[in-house]
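**Student:** Please see the structure below; I have some questions.
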Amino acid sequence: MIEEVRNLVAETLGLGARMQSLTRDSALLGAIPELDSMAVISLVNAIEARYGVVFDDDELSADSFATLGALTDLVERKLAS
Amino acid sequence: MLLGYEMIPRKLAGSRGELAAIEWRAHRTLSGATPGVLLIQPFAEEANKCRRMLASQARAFAGVGMRVLLIDPFGTGDSDGDFADATWAAWTDDYVTAARDLVASGCSELLVLGVRIGALLSQAVARAVPQVSQLVWWAPTVSGSNALTQFLRLRVAQSAFDGGAKVSTSDLRRELQSGRSVEVVGYEISPALGAELDRAAIDTQVSWRGGQLLWVDLPLHSTSVDPALRFIEPLRAAGVQVDRVNLPGEAFWGTVEIGSAPHWITHTTAWSRRARVAA
């Protein structure tokens, strides 16, 4: 799952080779310049389309996008519910 | 064998003002009537991101002898009007005008390709213009309400991450419903456009002549239920031949850098030819 989410992040943001260095603990929001608020929504849309989940407004938060691990955990929780 | 073609800038008389358009026209016509293509752009910022893919598809269609038209509907791109004055009704009228222009120029069969919200708009063109026999939907938003929510969330994210007062999609919808325009990443959405978007949906009654539909999306996760499924059966029951495919590519309507999905172009071009021959 973390691989897939990492790929989605990399594809949406156009990270290319930089994707390889992303781990669970890698900071996303605030650390990746391409990840502005508009890119967050592009990423949310891509996750919703791929996994068939729907994000609530509350989930559009700094916590959800703090690290790759945080985002992956959120997607997993939504898939499980 | 690819045909040579030219790209011609044009002006059309739209519902509320002049429309900027581009036509791709093959140098030689094929025997029989030239098939026409109308391209329908997605919403707001997505339109900018999709431009390159649409131009690539236009070239691919022109290369096999089709006449392709791309317009900026009222209030968008290089056409007359401000986005704040744009309405769904004006947009559908403008696209119908463009389709009729293709018919008037000699196209007896039309393919309409809609990207994202453009797929929903394509239905009005199919209803109004009997020559439309093929629809292609690229990553369709299955409801205008979903599209509006995704668009309003751009402002929600901005408020959440960039500081300032937090706002919710419900707050913004309430603003629209109480008659106030809402500004989202530089686009002013009027209450009229918001209401029309919220109502837009896939018409499974299919009040168009019923022809062929190619529905393309990116691949889904193995556990995901295909969101197209609940529409495909009713569409088929109403007489539409639906081809549903999931093809790899970049989500070019949303990637930060301009993205592409070349498989979508080769598949769409080949499909349109096969579908025309089979019809």
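Going through the structure tokens in order, the chains are called A, B, and so on, while each chain numbers its residues from 1 and the ligands are numbered from 1 in the order shown.
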Please return as a ChimeraX atom specification: the residues of chain A that backbone DSSP assigns to helix (DSSP H, G or I).
**Tutor:** /A:2-13,16-21,37-51,57-59,68-80
**Student:** Next, dump the selected residues to file, keeping only N, CA and C atoms, as a CSV table (one decimal), in the first residue's frame.
**Tutor:**
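Result file follows (again.csv):
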```csv
chain,number,residue,atom,x,y,z
A,2,ILE,N,1.9,1.2,0.8
A,2,ILE,CA,2.8,2.4,0.9
A,2,ILE,C,3.5,2.7,-0.5
A,3,GLU,N,3.8,1.6,-1.2
A,3,GLU,CA,4.4,1.7,-2.5
A,3,GLU,C,3.4,2.4,-3.5
A,4,GLU,N,2.2,2.0,-3.4
A,4,GLU,CA,1.1,2.5,-4.3
A,4,GLU,C,0.9,4.0,-4.0
A,5,VAL,N,0.8,4.3,-2.7
A,5,VAL,CA,0.5,5.7,-2.4
A,5,VAL,C,1.7,6.6,-2.8
A,6,ARG,N,2.9,6.0,-2.5
A,6,ARG,CA,4.1,6.7,-2.9
A,6,ARG,C,4.1,7.0,-4.4
A,7,ASN,N,3.7,6.0,-5.2
A,7,ASN,CA,3.6,6.2,-6.7
A,7,ASN,C,2.6,7.3,-7.1
A,8,LEU,N,1.5,7.2,-6.4
A,8,LEU,CA,0.5,8.2,-6.7
A,8,LEU,C,1.0,9.7,-6.4
A,9,VAL,N,1.7,9.8,-5.2
A,9,VAL,CA,2.2,11.1,-4.8
A,9,VAL,C,3.2,11.5,-5.9
A,10,ALA,N,4.1,10.6,-6.3
A,10,ALA,CA,5.2,10.9,-7.2
A,10,ALA,C,4.6,11.3,-8.6
A,11,GLU,N,3.6,10.5,-9.0
A,11,GLU,CA,3.0,10.8,-10.3
A,11,GLU,C,2.3,12.1,-10.3
A,12,THR,N,1.5,12.4,-9.3
A,12,THR,CA,0.7,13.6,-9.2
A,12,THR,C,1.6,14.8,-9.2
A,13,LEU,N,2.7,14.7,-8.4
A,13,LEU,CA,3.6,15.9,-8.3
A,13,LEU,C,4.7,15.9,-9.3
A,16,GLY,N,9.4,12.2,-10.3
A,16,GLY,CA,10.5,11.5,-11.0
A,16,GLY,C,11.3,10.7,-10.1
A,17,ALA,N,12.6,10.8,-10.3
A,17,ALA,CA,13.6,10.0,-9.5
A,17,ALA,C,13.5,10.3,-8.0
A,18,ARG,N,13.1,11.5,-7.6
A,18,ARG,CA,13.0,11.8,-6.2
A,18,ARG,C,12.1,10.9,-5.5
A,19,MET,N,11.2,10.2,-6.2
A,19,MET,CA,10.2,9.3,-5.6
A,19,MET,C,10.9,8.2,-4.8
A,20,GLN,N,12.1,7.8,-5.4
A,20,GLN,CA,12.8,6.6,-4.8
A,20,GLN,C,13.2,6.8,-3.4
A,21,SER,N,13.4,8.1,-3.0
A,21,SER,CA,13.9,8.4,-1.6
A,21,SER,C,12.8,8.6,-0.6
A,37,SER,N,-1.5,23.7,-1.9
A,37,SER,CA,-2.9,23.3,-1.5
A,37,SER,C,-3.6,22.8,-2.8
A,38,MET,N,-3.3,23.3,-4.0
A,38,MET,CA,-3.9,22.8,-5.2
A,38,MET,C,-3.5,21.4,-5.5
A,39,ALA,N,-2.2,21.1,-5.3
A,39,ALA,CA,-1.6,19.8,-5.5
A,39,ALA,C,-2.2,18.8,-4.6
A,40,VAL,N,-2.5,19.2,-3.3
A,40,VAL,CA,-3.1,18.3,-2.3
A,40,VAL,C,-4.4,17.8,-2.9
A,41,ILE,N,-5.2,18.7,-3.4
A,41,ILE,CA,-6.5,18.3,-4.0
A,41,ILE,C,-6.4,17.4,-5.2
A,42,SER,N,-5.4,17.7,-6.0
A,42,SER,CA,-5.1,16.7,-7.1
A,42,SER,C,-4.8,15.4,-6.6
A,43,LEU,N,-4.0,15.3,-5.5
A,43,LEU,CA,-3.7,14.0,-4.9
A,43,LEU,C,-4.9,13.4,-4.3
A,44,VAL,N,-5.7,14.1,-3.6
A,44,VAL,CA,-6.9,13.6,-3.0
A,44,VAL,C,-7.8,13.0,-4.1
A,45,ASN,N,-8.0,13.8,-5.2
A,45,ASN,CA,-8.8,13.3,-6.3
A,45,ASN,C,-8.3,12.0,-6.9
A,46,ALA,N,-7.0,11.9,-7.0
A,46,ALA,CA,-6.4,10.7,-7.6
A,46,ALA,C,-6.6,9.5,-6.6
A,47,ILE,N,-6.4,9.7,-5.3
A,47,ILE,CA,-6.7,8.7,-4.3
A,47,ILE,C,-8.1,8.2,-4.3
A,48,GLU,N,-9.0,9.2,-4.4
A,48,GLU,CA,-10.4,8.9,-4.4
A,48,GLU,C,-10.8,8.0,-5.6
A,49,ALA,N,-10.2,8.4,-6.8
A,49,ALA,CA,-10.5,7.7,-8.0
A,49,ALA,C,-10.0,6.3,-8.0
A,50,ARG,N,-8.7,6.2,-7.5
A,50,ARG,CA,-8.1,4.9,-7.5
A,50,ARG,C,-8.7,3.9,-6.5
A,51,TYR,N,-9.0,4.4,-5.3
A,51,TYR,CA,-9.4,3.5,-4.2
A,51,TYR,C,-10.9,3.5,-4.0
A,57,ASP,N,-14.0,16.9,4.5
A,57,ASP,CA,-13.3,18.2,4.7
A,57,ASP,C,-12.2,18.1,5.8
A,58,ASP,N,-12.6,17.4,6.9
A,58,ASP,CA,-11.7,17.3,8.1
A,58,ASP,C,-10.4,16.6,7.7
A,59,GLU,N,-10.5,15.7,6.8
A,59,GLU,CA,-9.3,14.9,6.4
A,59,GLU,C,-8.4,15.7,5.5
A,68,LEU,N,4.4,10.6,4.4
A,68,LEU,CA,3.9,9.5,3.5
A,68,LEU,C,3.1,8.5,4.3
A,69,GLY,N,3.7,8.1,5.5
A,69,GLY,CA,3.1,7.2,6.4
A,69,GLY,C,1.7,7.6,6.9
A,70,ALA,N,1.6,8.9,7.3
A,70,ALA,CA,0.3,9.4,7.7
A,70,ALA,C,-0.8,9.3,6.6
A,71,LEU,N,-0.4,9.7,5.4
A,71,LEU,CA,-1.3,9.6,4.3
A,71,LEU,C,-1.7,8.2,4.0
A,72,THR,N,-0.7,7.3,4.0
A,72,THR,CA,-1.0,5.8,3.7
A,72,THR,C,-1.9,5.3,4.8
A,73,ASP,N,-1.7,5.6,6.0
A,73,ASP,CA,-2.5,5.1,7.1
A,73,ASP,C,-4.0,5.6,6.9
A,74,LEU,N,-4.1,6.8,6.5
A,74,LEU,CA,-5.5,7.4,6.3
A,74,LEU,C,-6.2,6.6,5.2
A,75,VAL,N,-5.5,6.4,4.1
A,75,VAL,CA,-6.1,5.6,3.0
A,75,VAL,C,-6.5,4.2,3.5
A,76,GLU,N,-5.6,3.6,4.2
A,76,GLU,CA,-5.9,2.2,4.7
A,76,GLU,C,-7.1,2.2,5.6
A,77,ARG,N,-7.2,3.2,6.5
A,77,ARG,CA,-8.3,3.3,7.4
A,77,ARG,C,-9.6,3.5,6.6
A,78,LYS,N,-9.6,4.3,5.6
A,78,LYS,CA,-10.8,4.5,4.8
A,78,LYS,C,-11.2,3.3,4.0
A,79,LEU,N,-10.2,2.5,3.6
A,79,LEU,CA,-10.5,1.3,2.8
A,79,LEU,C,-11.1,0.2,3.8
A,80,ALA,N,-10.7,0.2,5.0
A,80,ALA,CA,-11.1,-0.7,6.0
A,80,ALA,C,-12.6,-0.4,6.5
```
**Student:** Return as a PyMOL selection string the residues belonging to chain B that are within 7 Å of chain A, counting only C-alpha atoms.
**Tutor:** chain B and resi 153-154+157-158+160-161+168+219-221+224-225+250+254-257
**Student:** Compile the contact shell of Leu3 in chain B as a VMD selection string: residues with an atom at most 9 Å away, counting only C-alpha atoms, same-chain residues fewer than 2 positions apart removed.
**Tutor:** chain B and resid 1 5 26 to 28 62 to 65
**Student:** Those same residues - N, CA, C and O atoms - I'd like them written as a CSV table (one decimal), in the first residue's frame.
**Tutor:**
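part_18.csv, written as the output of this step:
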```csv
chain,number,residue,atom,x,y,z
B,1,MET,N,-1.6,5.1,-42.8
B,1,MET,CA,-1.0,6.3,-43.4
B,1,MET,C,-1.6,7.6,-42.9
B,1,MET,O,-2.8,7.7,-42.8
B,5,TYR,N,-2.5,17.8,-42.4
B,5,TYR,CA,-3.6,18.6,-42.0
B,5,TYR,C,-3.2,20.0,-41.7
B,5,TYR,O,-1.9,20.3,-41.6
B,26,ALA,N,-8.0,18.1,-42.4
B,26,ALA,CA,-7.0,17.3,-43.2
B,26,ALA,C,-7.0,18.0,-44.6
B,26,ALA,O,-7.9,18.6,-45.1
B,27,HIS,N,-5.8,17.9,-45.2
B,27,HIS,CA,-5.6,18.4,-46.6
B,27,HIS,C,-6.4,17.7,-47.6
B,27,HIS,O,-6.9,18.3,-48.5
B,28,ARG,N,-6.5,16.4,-47.5
B,28,ARG,CA,-7.3,15.7,-48.4
B,28,ARG,C,-8.5,15.1,-47.7
B,28,ARG,O,-8.3,14.7,-46.6
B,62,ALA,N,-7.0,14.1,-36.8
B,62,ALA,CA,-6.8,14.8,-38.1
B,62,ALA,C,-6.0,13.9,-39.0
B,62,ALA,O,-6.2,13.8,-40.2
B,63,GLY,N,-5.0,13.2,-38.4
B,63,GLY,CA,-4.2,12.3,-39.2
B,63,GLY,C,-4.9,11.2,-39.9
B,63,GLY,O,-4.4,10.6,-40.8
B,64,VAL,N,-6.1,10.8,-39.3
B,64,VAL,CA,-6.9,9.8,-40.0
B,64,VAL,C,-8.1,10.4,-40.7
B,64,VAL,O,-9.1,9.7,-41.0
B,65,GLY,N,-8.0,11.7,-41.0
B,65,GLY,CA,-9.0,12.3,-41.9
B,65,GLY,C,-10.2,12.9,-41.3
B,65,GLY,O,-11.1,13.3,-42.0
```
**Student:** May I ask for the distance between CA of Gly75 in chain B and CA of Gln177 in chain B, given in Å to one decimal place?
**Tutor:**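 Going from CA of Gly75 in chain B over to CA of Gln177 in chain B covers 21.4 Å.
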**Student:** Report as a list in words: the residues of range 41-169 of chain B with a DSSP assignment of strand (DSSP E or B), based on the backbone of this structure.
**Tutor:**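 Secondary structure check on range 41-169 of chain B, strand (DSSP E or B): Arg67, Val68, Leu69, Leu70, Ile71, Leu110, Leu111, Val112, Leu113, Gly114, Val115, Val132, Ser133, Gln134, Leu135, Val136, Trp137, Trp138 and Ser143 of chain B.
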**Student:** Which value, in Å to one decimal, gives the distance between CA of Arg276 in chain B and CA of Pro73 in chain B?
**Tutor:**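 We find that CA of Arg276 in chain B and CA of Pro73 in chain B lie 27.7 Å from each other.
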**Student:** Tell me which of B:Ala251, B:Ala192, B:Val156, B:Leu214 sits closest to Lys49 in chain B, counting only C-alpha atoms.
**Tutor:** B:Ala251
**Student:** Excluding range 57-61 of chain B and any residue of its chain fewer than 4 positions from it, enumerate the residues within 12 Å of it, using only C-alpha atoms, and give them as a PyMOL selection string.
**Tutor:** chain B and resi 1-7+22-26+34-40+50-53+65-70+111-115+136+138+260-273
**Student:** Between CA of Glu196 in chain B and CA of Val142 in chain B, what is the spacing in Å?
**Tutor:**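 CA of Val142 in chain B sits 14.4 Å away from CA of Glu196 in chain B.
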**Student:** Write out as a list in words which residues come within 9 Å of Arg173 in chain B when counting only C-alpha atoms, dropping same-chain ones fewer than 4 positions away.
**Tutor:**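 Residues meeting the cut-off are Leu148, Thr149, Leu152, Ser168, Thr169, Gln177, Ser178, Val182 and Gly194 of chain B.
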**Student:** Please produce a file of those selected residues containing N, CA, C and O atoms, as a short mmCIF file (atom, residue, chain, number, x, y, z; two decimals), in the first residue's frame.
**Tutor:**
```
data_model
loop_
_atom_site.label_atom_id
_atom_site.label_comp_id
_atom_site.auth_asym_id
_atom_site.auth_seq_id
_atom_site.Cartn_x
_atom_site.Cartn_y
_atom_site.Cartn_z
N LEU B 148 -18.33 19.79 -8.44
CA LEU B 148 -18.38 21.03 -7.67
C LEU B 148 -17.67 20.86 -6.33
O LEU B 148 -16.90 21.72 -5.91
N THR B 149 -17.91 19.74 -5.68
CA THR B 149 -17.24 19.46 -4.40
C THR B 149 -15.73 19.46 -4.58
O THR B 149 -15.00 20.09 -3.80
N LEU B 152 -14.66 23.09 -5.04
CA LEU B 152 -14.75 23.89 -3.81
C LEU B 152 -13.65 23.49 -2.83
O LEU B 152 -13.13 24.32 -2.08
N SER B 168 -15.50 25.31 4.95
CA SER B 168 -15.84 23.94 4.54
C SER B 168 -16.58 23.97 3.21
O SER B 168 -17.10 25.02 2.80
N THR B 169 -16.68 22.80 2.55
CA THR B 169 -17.42 22.75 1.28
C THR B 169 -18.89 23.08 1.54
O THR B 169 -19.54 23.72 0.70
N GLN B 177 -25.89 28.86 -2.55
CA GLN B 177 -27.35 28.68 -2.49
C GLN B 177 -28.06 29.94 -2.00
O GLN B 177 -29.22 30.14 -2.31
N SER B 178 -27.34 30.78 -1.24
CA SER B 178 -27.99 32.01 -0.78
C SER B 178 -27.75 33.15 -1.75
O SER B 178 -27.94 34.32 -1.41
N VAL B 182 -18.90 32.61 -5.30
CA VAL B 182 -17.80 32.10 -4.48
C VAL B 182 -16.53 32.11 -5.32
O VAL B 182 -16.54 31.70 -6.48
N GLY B 194 -23.09 27.28 -10.07
CA GLY B 194 -23.02 26.31 -8.98
C GLY B 194 -24.24 25.41 -8.94
O GLY B 194 -24.13 24.18 -8.81
#
```
